[in-house]
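Colleague: Below is a structure I'd like to ask you about.
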Amino acid sequence: MEAIKRKDDTRLALMFIAPALVGFLIFMVWPTLRGIYLSFTKFNLLTPPEFNGLDNYVRMVQDPVFWNALKVTIYYVVINIVVQTVLALGIAVMMQRLTRRTWLRGIVLTPYLVSNVVAALIFLWILDYQLGIGNRVIELIGLDRVAFLADGAWVIPTVALINVWRHVGYTALLIFAGLQTIPETLYEAGRTDGASELTMFRRITLPLLRPILALVLIITVVGSFQVFDTVAVTTRGGPVDSSRVLQYYIYDMAFGRFQFGYASAMSVALLVVLIVITFLQYRLTRAEQSDLA
Amino acid sequence: MKSRLGAFLSALLVAGCGWSGADAATESGGGTIEYWLWDSAQQPGYQKCADAFAQQNPGLSVHISQYGWDVYWSKLTAGFIADTAPDVFTDHLAKFAQFVDLGVLRPLDQLGPTGDINDGDYQEGLAELWKGQDGKRYGSPKDWDTIAMFYNPAALRSAGVDPATLKDLTWNPTDGGTFEKTVAHLTVDVNGVRGDEPGFDKNNISQYGIGSDGSGGGGWGQTQWSNFAGSAGWQVTDKNPWGTRFNLDQPAFQDTLSWYFGLERKGYMPSFAEIGGNNPVGPDKQIQSGLAAMAFDGSWKISTFTGLTDTSGQKLAIGIAPTPIGPTGKRASMFNGLADSVTKLSKQPENAAKWVKFMSGEECQNIIGESGVVFPARPAGTDKAIAFNRDERKLDVTPFTDQVKDKTTFLFPVTSNAADITALLQPRMDAVYIGDAPVSSLTTVNDQLNNLFKVAQ
């Protein structure tokens with residue numbers, strides 16, 4: 001009887017998994033395998049790919065624009081992730097400790113409801129050198145106008161902060177969910193012992209939040225490495241190559257210059273970089289263990 | 001269970017087929033020719049042509065779609081890949097060689113209606129530009145354009161500059177000639193001091209003498225420095241069309257660019273950052289907002305400039321002057337044109353060719369001429385456009401047309417590998433404009449461009 005039941009469960013389980021599995025195979029596994037294959041070819045999409053061995057990879061190693069793109073991307077990720085995580089943690093703790101109002105917690109999420117392209121367009125206008133209200137305010141304070149999205153030194157920090165604005169609420173919400181899992185009794189005990197809010201944050205909140213923080217970091221770092229739309233809307237990689245992030249360079253190589261083979265090779269490189277970084281993060285943060293048990 | 005799973009999967013498959021099936025049906029839709037263009041200002045004119053075409057060809061109709069310049073080309077590329085490209089599309093000289101290489105254009109000589117297009121019917125040199133390296137015709141000429149200098153008469157008046165003198169301006173790479181003197185005089189800093197007066201503050205400008213359309217890395221400086229380089233006797237490639245050696249290392253070019261971008265260093269022309277970097281404010285907006293007194297732009301922008309309003313909503317007066325006379329003793333303008341191409345994906349190439357032929361024919365070109373947006377490729381259509389501007393807009397557009405009449409034009413450089421050239425050149429030219437790299441750095445770029453052709457051959 002039990003054996004039959006188990007057999008039935010397998011079938012049922014397959015039924016439930018099937019839609020996701022089919023999607024995973026068609027939209028994830030197959031394109032990835034095909035992308036890896038294409039990275040060993042010369043391919044312009046309209047004529048059949050020609051196998052050219054490691055040519056694309058040799059070219060990539062020798063391509064200064066590729067290395068610059070990698071550098072620019074890492075610069076972006078560092079600013080984006082550090083600022084975003086610190087802010088999000090602050091907001092989450094405030095949501096947890098200072099307010100219980102749902103609407104106030106909801107407001108934090110609103111920038112995330114705006115699409116990346118719209119957010120980028122709005123900031124493009126706000127920060128416009130000639131007409132932007134942002135530069136008007138800066139002038140009123142008595143400072144010189146800043147070409148936020150047209151000056152090589154400013155573009156990456158600006159783009160990184162635009163994306164912090166959009167994603168910080170969402171990240172805060174994830175951390176907030178993690179905070180909810182920390183038993184209130186620990187804080188009560190802390191208060192009884194006369195610990196300040198700051199001490200409790202350092203001694204209780206942060207250590208117990210580690211698994212969630214690790215998860216949040218892995219998700220946001222992977223997402224951050226794939227920055228594309230904000231750059232495409234605001235700077236198109238410029239000025240010169242100062243905001244030519246890897247994803248934008250790959251896109252331009254494929255759809256602007258019809259070099260899908262080389263673009264695929266760079267995508268594979270990005271994949272490898274992300275696998276390594278994710279693995280390291282996972283190990284370093286011990287994301288699979290919790291101190292709460 | 002198994003059959004249910006099978007049913008589910010086949011339902012998925014059917015859904016998939018149904019989707020692509022529906023898509024295919026709209027695409028081949030009987031007798032409707034899909035036509036794409038990017039310039040919204042030209043759409044009304046071509047709609048009139050389409051109406052006339054449908055009337056004369058019962059059973060056929062044309063559906064026009066318009067997409068902005070940037071979106072246009074990515075949508076077209078995607079269309080070629082996904083088999084959703086239009087039957088006919090407006091093509092650009094900077095792009096068509098790439099499409100020929102990719103094998104997505106149909107040679108017009110092999111189609112009945114367009115097989116007998118006669119080069120002599122169009123302004124000299126226009127039709128020849130659209131023949132590939134294989135000698136086949138891939139585009140049927142529809143219009144042409146040149147470059148001139150738009151100016152704000154009010155700015156000239158307050159500076160005491162007589163607009164009539166603009167046509168005699170000369171320039172040279174050493175001291176800039178009378179052109180630079182005029183530009184300096186038209187530049188005003190925030191304290192009201194002019195660019196040629198003592199105490200001029202070049203870092204705080206309220207009105208620049210000449211506007212800027214960017215570094216010009218994307219289109220061989222068409223609306224930026226091409227008229228200067230041309231009137232210095234310089235050519236982009238060893239031969240045109242289908243050059244394979246580039247001349248960016250020549251002194252004539254580098255001296256011209258040093259002087260041209262020097263206008264920005266002197267405070268006479270806005271910087272890369274001031275015009276908005278890679279999302280630039282166009283020359284028309286620069287004149288409208290008072291940022292610039294004069295600006296170079298193409299003839300396709302005439303209707304844009306004449307439609308400008310000032311801050312109080314009044315129509316802004318606009319004047320046009322020819323490009324300045326250079327070291328060769330002549331003025332110069334790039335000569336460029338658009339054409340219509342038929343895609344290989346078209347399920348009705350003969351019908352498509354009929355529409356292409358109609359657009360390059362007398363009737364449609366006259367309609368376009370009378371709409372006053374661009375200069376049609378046929379001389380008669382061009383005359384109609386001149387008359388329209390003179391009578392309806394009270395505007396003298398001969399600074400554009402005289403370049404053709406006086407044979408002071410040079411052709412837009414047509415090469416293969418256009419996408420790679422732009423990708424290599426644009427950032428490097430931007431770097432020169434910004435001041436991150438010296439003009440001499442373009443010699444390295446020139447080697448890279450030459451290598452591009454070595455690799456390709």
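Identifiers for the structure tokens are assigned positionally: chains receive A, B, ... in sequence, residues are indexed from 1 per chain, and ligands are indexed from 1 in the order shown.
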Could you produce a table of the residues of stretch 61-92 of chain B lying within 12 Å of stretch 250-254 of chain A, with the nearest pair of atoms per residue and their separation in Å rounded to one decimal, using only C-alpha atoms, ordered by chain and increasing residue number, as a tab-separated table?

Modeller:
residue	atom	partner	partner_atom	distance
B:Ser74	CA	A:Asp252	CA	10.3
B:Thr77	CA	A:Ala254	CA	10.6
B:Ala78	CA	A:Ala254	CA	11.1

Colleague: Leaving out A:Ile275 and any residue of its chain fewer than 5 positions from it, which residues lie within 12 Å of it when counting only C-alpha atoms, given as a PDB file with N, CA, C and O atoms, in the first residue's frame?

Modeller:
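Result saved to selection-v9.pdb:
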ATOM      1  N   ILE A 218      24.393  37.738  -2.118  1.00  0.00           N
ATOM      2  CA  ILE A 218      24.585  36.916  -3.316  1.00  0.00           C
ATOM      3  C   ILE A 218      23.628  37.368  -4.418  1.00  0.00           C
ATOM      4  O   ILE A 218      24.019  37.596  -5.560  1.00  0.00           O
ATOM      5  N   VAL A 221      24.598  41.053  -5.611  1.00  0.00           N
ATOM      6  CA  VAL A 221      25.865  41.137  -6.344  1.00  0.00           C
ATOM      7  C   VAL A 221      25.702  40.569  -7.752  1.00  0.00           C
ATOM      8  O   VAL A 221      26.135  41.179  -8.732  1.00  0.00           O
ATOM      9  N   VAL A 222      25.036  39.430  -7.860  1.00  0.00           N
ATOM     10  CA  VAL A 222      24.796  38.849  -9.182  1.00  0.00           C
ATOM     11  C   VAL A 222      24.000  39.827 -10.044  1.00  0.00           C
ATOM     12  O   VAL A 222      24.335  40.079 -11.202  1.00  0.00           O
ATOM     13  N   PHE A 225      26.194  42.907 -11.105  1.00  0.00           N
ATOM     14  CA  PHE A 225      27.144  42.638 -12.179  1.00  0.00           C
ATOM     15  C   PHE A 225      26.478  42.734 -13.555  1.00  0.00           C
ATOM     16  O   PHE A 225      27.137  42.937 -14.559  1.00  0.00           O
ATOM     17  N   VAL A 268      30.272  34.148 -21.504  1.00  0.00           N
ATOM     18  CA  VAL A 268      30.780  32.992 -20.770  1.00  0.00           C
ATOM     19  C   VAL A 268      31.757  33.465 -19.690  1.00  0.00           C
ATOM     20  O   VAL A 268      31.721  32.981 -18.557  1.00  0.00           O
ATOM     21  N   ALA A 269      32.599  34.438 -20.042  1.00  0.00           N
ATOM     22  CA  ALA A 269      33.534  34.988 -19.065  1.00  0.00           C
ATOM     23  C   ALA A 269      32.777  35.571 -17.877  1.00  0.00           C
ATOM     24  O   ALA A 269      33.135  35.339 -16.714  1.00  0.00           O
ATOM     25  N   LEU A 270      31.703  36.297 -18.163  1.00  0.00           N
ATOM     26  CA  LEU A 270      30.896  36.886 -17.093  1.00  0.00           C
ATOM     27  C   LEU A 270      30.287  35.791 -16.230  1.00  0.00           C
ATOM     28  O   LEU A 270      30.259  35.877 -14.995  1.00  0.00           O
ATOM     29  N   LEU A 280      32.570  31.993  -3.643  1.00  0.00           N
ATOM     30  CA  LEU A 280      33.361  32.605  -2.575  1.00  0.00           C
ATOM     31  C   LEU A 280      32.458  33.213  -1.508  1.00  0.00           C
ATOM     32  O   LEU A 280      32.672  33.010  -0.306  1.00  0.00           O
ATOM     33  N   GLN A 281      31.444  33.936  -1.953  1.00  0.00           N
ATOM     34  CA  GLN A 281      30.534  34.579  -0.999  1.00  0.00           C
ATOM     35  C   GLN A 281      29.865  33.531  -0.121  1.00  0.00           C
ATOM     36  O   GLN A 281      29.737  33.686   1.081  1.00  0.00           O
ATOM     37  N   TYR A 282      29.449  32.463  -0.775  1.00  0.00           N
ATOM     38  CA  TYR A 282      28.746  31.399  -0.071  1.00  0.00           C
ATOM     39  C   TYR A 282      29.622  30.812   1.024  1.00  0.00           C
ATOM     40  O   TYR A 282      29.190  30.635   2.164  1.00  0.00           O
TER      41      TYR A 282
END

Colleague: Find the residue from A:Val227, A:Thr171, A:Val216, A:Thr235 that sits nearest to A:Ala88; use only C-alpha atoms when measuring.

Modeller: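 Under the stated criterion, the closest residue is A:Thr171.
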
Colleague: Using only C-alpha atoms, determine which residues of chain B fall within 9 Å of chain A; present them as a short mmCIF file (atom, residue, chain, number, x, y, z; two decimals) with N, CA, C and O atoms, in the first residue's frame.

Modeller:
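result.cif, written as the output of this step:
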data_model
loop_
_atom_site.label_atom_id
_atom_site.label_comp_id
_atom_site.auth_asym_id
_atom_site.auth_seq_id
_atom_site.Cartn_x
_atom_site.Cartn_y
_atom_site.Cartn_z
N MET B 1 -2.48 9.00 -16.10
CA MET B 1 -1.55 10.06 -15.72
C MET B 1 -0.68 10.46 -16.89
O MET B 1 -0.56 11.62 -17.23
N LYS B 2 -0.11 9.42 -17.50
CA LYS B 2 0.82 9.66 -18.59
C LYS B 2 0.14 10.46 -19.71
O LYS B 2 0.69 11.39 -20.25
N LEU B 5 -0.32 14.04 -18.83
CA LEU B 5 0.93 14.79 -19.00
C LEU B 5 1.15 15.11 -20.48
O LEU B 5 1.50 16.22 -20.87
N TRP B 73 17.07 51.00 -35.92
CA TRP B 73 18.07 50.06 -36.41
C TRP B 73 18.10 48.79 -35.58
O TRP B 73 18.33 47.69 -36.12
N SER B 74 17.88 48.89 -34.24
CA SER B 74 17.89 47.65 -33.47
C SER B 74 16.65 46.82 -33.78
O SER B 74 16.70 45.60 -33.81
N THR B 77 17.29 45.09 -37.12
CA THR B 77 18.19 43.95 -36.95
C THR B 77 17.43 42.78 -36.35
O THR B 77 17.51 41.65 -36.83
N ALA B 78 16.68 43.06 -35.27
CA ALA B 78 15.90 42.01 -34.64
C ALA B 78 14.90 41.43 -35.63
O ALA B 78 14.67 40.23 -35.66
N PHE B 80 15.21 41.16 -38.88
CA PHE B 80 15.88 40.27 -39.82
C PHE B 80 16.08 38.88 -39.20
O PHE B 80 15.99 37.86 -39.87
N ILE B 81 16.38 38.88 -37.90
CA ILE B 81 16.65 37.63 -37.22
C ILE B 81 15.35 36.87 -36.97
O ILE B 81 15.26 35.66 -37.18
N LEU B 102 25.45 41.13 -44.78
CA LEU B 102 24.65 40.15 -44.04
C LEU B 102 23.67 39.41 -44.94
O LEU B 102 23.00 38.48 -44.51
N GLY B 103 23.58 39.87 -46.19
CA GLY B 103 22.71 39.19 -47.15
C GLY B 103 21.23 39.33 -46.88
O GLY B 103 20.47 38.39 -47.09
N VAL B 104 20.80 40.49 -46.39
CA VAL B 104 19.38 40.65 -46.10
C VAL B 104 18.67 41.59 -47.07
O VAL B 104 17.47 41.80 -46.96
N PHE B 272 31.50 68.84 -24.33
CA PHE B 272 30.81 67.55 -24.37
C PHE B 272 29.82 67.42 -23.22
O PHE B 272 28.67 67.01 -23.41
N ALA B 273 30.27 67.81 -22.02
CA ALA B 273 29.39 67.69 -20.85
C ALA B 273 28.21 68.64 -20.93
O ALA B 273 27.09 68.29 -20.60
N GLU B 274 28.48 69.87 -21.44
CA GLU B 274 27.41 70.87 -21.45
C GLU B 274 26.26 70.51 -22.39
O GLU B 274 25.10 70.88 -22.14
N ILE B 275 26.57 69.83 -23.48
CA ILE B 275 25.47 69.46 -24.38
C ILE B 275 24.82 68.14 -23.96
O ILE B 275 23.91 67.66 -24.62
N GLY B 276 25.30 67.55 -22.85
CA GLY B 276 24.61 66.37 -22.32
C GLY B 276 25.27 65.05 -22.65
O GLY B 276 24.62 64.02 -22.62
N GLY B 277 26.57 65.06 -22.98
CA GLY B 277 27.29 63.81 -23.18
C GLY B 277 26.70 62.96 -24.29
O GLY B 277 26.48 63.43 -25.39
N ASN B 278 26.41 61.70 -23.96
CA ASN B 278 25.89 60.80 -24.97
C ASN B 278 24.38 60.89 -25.14
O ASN B 278 23.80 60.16 -25.93
N ASN B 279 23.75 61.78 -24.39
CA ASN B 279 22.34 62.07 -24.61
C ASN B 279 22.23 63.56 -24.94
O ASN B 279 21.64 64.33 -24.21
N ASN B 417 32.07 47.18 -42.97
CA ASN B 417 32.43 47.18 -41.54
C ASN B 417 31.97 48.45 -40.81
O ASN B 417 32.59 48.87 -39.84
N ALA B 418 30.87 49.06 -41.29
CA ALA B 418 30.46 50.35 -40.73
C ALA B 418 30.22 50.28 -39.22
O ALA B 418 30.60 51.19 -38.48
N ALA B 419 29.62 49.18 -38.74
CA ALA B 419 29.30 49.09 -37.31
C ALA B 419 30.58 49.06 -36.47
O ALA B 419 30.66 49.69 -35.42
N ASP B 420 31.59 48.32 -36.96
CA ASP B 420 32.85 48.25 -36.23
C ASP B 420 33.56 49.59 -36.25
O ASP B 420 34.17 50.00 -35.26
N ALA B 423 31.98 51.79 -33.71
CA ALA B 423 32.31 51.33 -32.36
C ALA B 423 33.74 51.71 -31.97
O ALA B 423 34.01 52.02 -30.82
N GLN B 426 33.80 56.22 -32.33
CA GLN B 426 33.00 57.07 -31.46
C GLN B 426 33.67 57.37 -30.11
O GLN B 426 33.84 58.55 -29.76
N PRO B 427 34.09 56.35 -29.35
CA PRO B 427 34.72 56.67 -28.05
C PRO B 427 36.01 57.48 -28.20
O PRO B 427 36.28 58.37 -27.39
N ARG B 428 36.79 57.19 -29.24
CA ARG B 428 38.06 57.90 -29.43
C ARG B 428 37.82 59.36 -29.81
O ARG B 428 38.53 60.25 -29.35
N MET B 429 36.82 59.61 -30.66
CA MET B 429 36.51 60.99 -31.02
C MET B 429 35.96 61.74 -29.81
O MET B 429 36.29 62.92 -29.60
N ASP B 430 35.13 61.06 -29.02
CA ASP B 430 34.62 61.69 -27.79
C ASP B 430 35.78 62.09 -26.89
O ASP B 430 35.78 63.16 -26.29
N ALA B 431 36.78 61.20 -26.79
CA ALA B 431 37.93 61.47 -25.93
C ALA B 431 38.66 62.73 -26.39
O ALA B 431 39.12 63.53 -25.57
N ILE B 434 36.43 65.76 -25.48
CA ILE B 434 36.48 66.02 -24.04
C ILE B 434 37.85 66.61 -23.64
O ILE B 434 37.94 67.43 -22.73
N ASP B 436 40.48 64.35 -23.23
CA ASP B 436 41.18 63.24 -22.56
C ASP B 436 42.34 62.73 -23.41
O ASP B 436 43.26 62.11 -22.88
#

Colleague: Got a sec: who's within 7 Å of stretch 31-48 of chain B, counting only C-alpha atoms, leaving out chain neighbours fewer than 6 positions off, as a list of chain:residue names?

Modeller: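 Skipping anything fewer than 6 positions along the chain leaves B:Gly59, B:Leu60, B:Ser61, B:Val62, B:His63, B:Ile64, B:Ser65, B:Gln66, B:Tyr67, B:Gly68, B:Trp69, B:Tyr72, B:Pro86, B:Asp87, B:Val88, B:Phe89, B:Thr90, B:Ala352, B:Ile367, B:Ile368, B:Ser371, B:Val373.
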
Colleague: Any chance you can output those residues with C-alpha atoms as a short mmCIF file (atom, residue, chain, number, x, y, z; two decimals), in the first residue's frame?

Modeller:
data_model
loop_
_atom_site.label_atom_id
_atom_site.label_comp_id
_atom_site.auth_asym_id
_atom_site.auth_seq_id
_atom_site.Cartn_x
_atom_site.Cartn_y
_atom_site.Cartn_z
CA GLY B 59 -5.48 45.47 -54.30
CA LEU B 60 -2.24 46.89 -52.94
CA SER B 61 -1.82 49.14 -49.92
CA VAL B 62 1.06 50.42 -47.85
CA HIS B 63 1.27 50.38 -44.07
CA ILE B 64 3.84 52.87 -42.72
CA SER B 65 5.53 52.40 -39.32
CA GLN B 66 7.78 55.06 -37.82
CA TYR B 67 10.41 54.39 -35.13
CA GLY B 68 13.02 56.81 -33.74
CA TRP B 69 16.57 56.56 -35.19
CA TYR B 72 14.79 51.83 -35.74
CA PRO B 86 9.24 45.00 -43.22
CA ASP B 87 9.00 44.56 -47.00
CA VAL B 88 10.58 47.95 -47.64
CA PHE B 89 12.53 50.25 -45.33
CA THR B 90 14.29 53.60 -45.47
CA ALA B 352 7.56 45.87 -52.70
CA ILE B 367 4.60 65.37 -53.18
CA ILE B 368 7.62 65.14 -50.87
CA SER B 371 5.82 69.02 -48.04
CA VAL B 373 10.78 68.51 -45.16
#
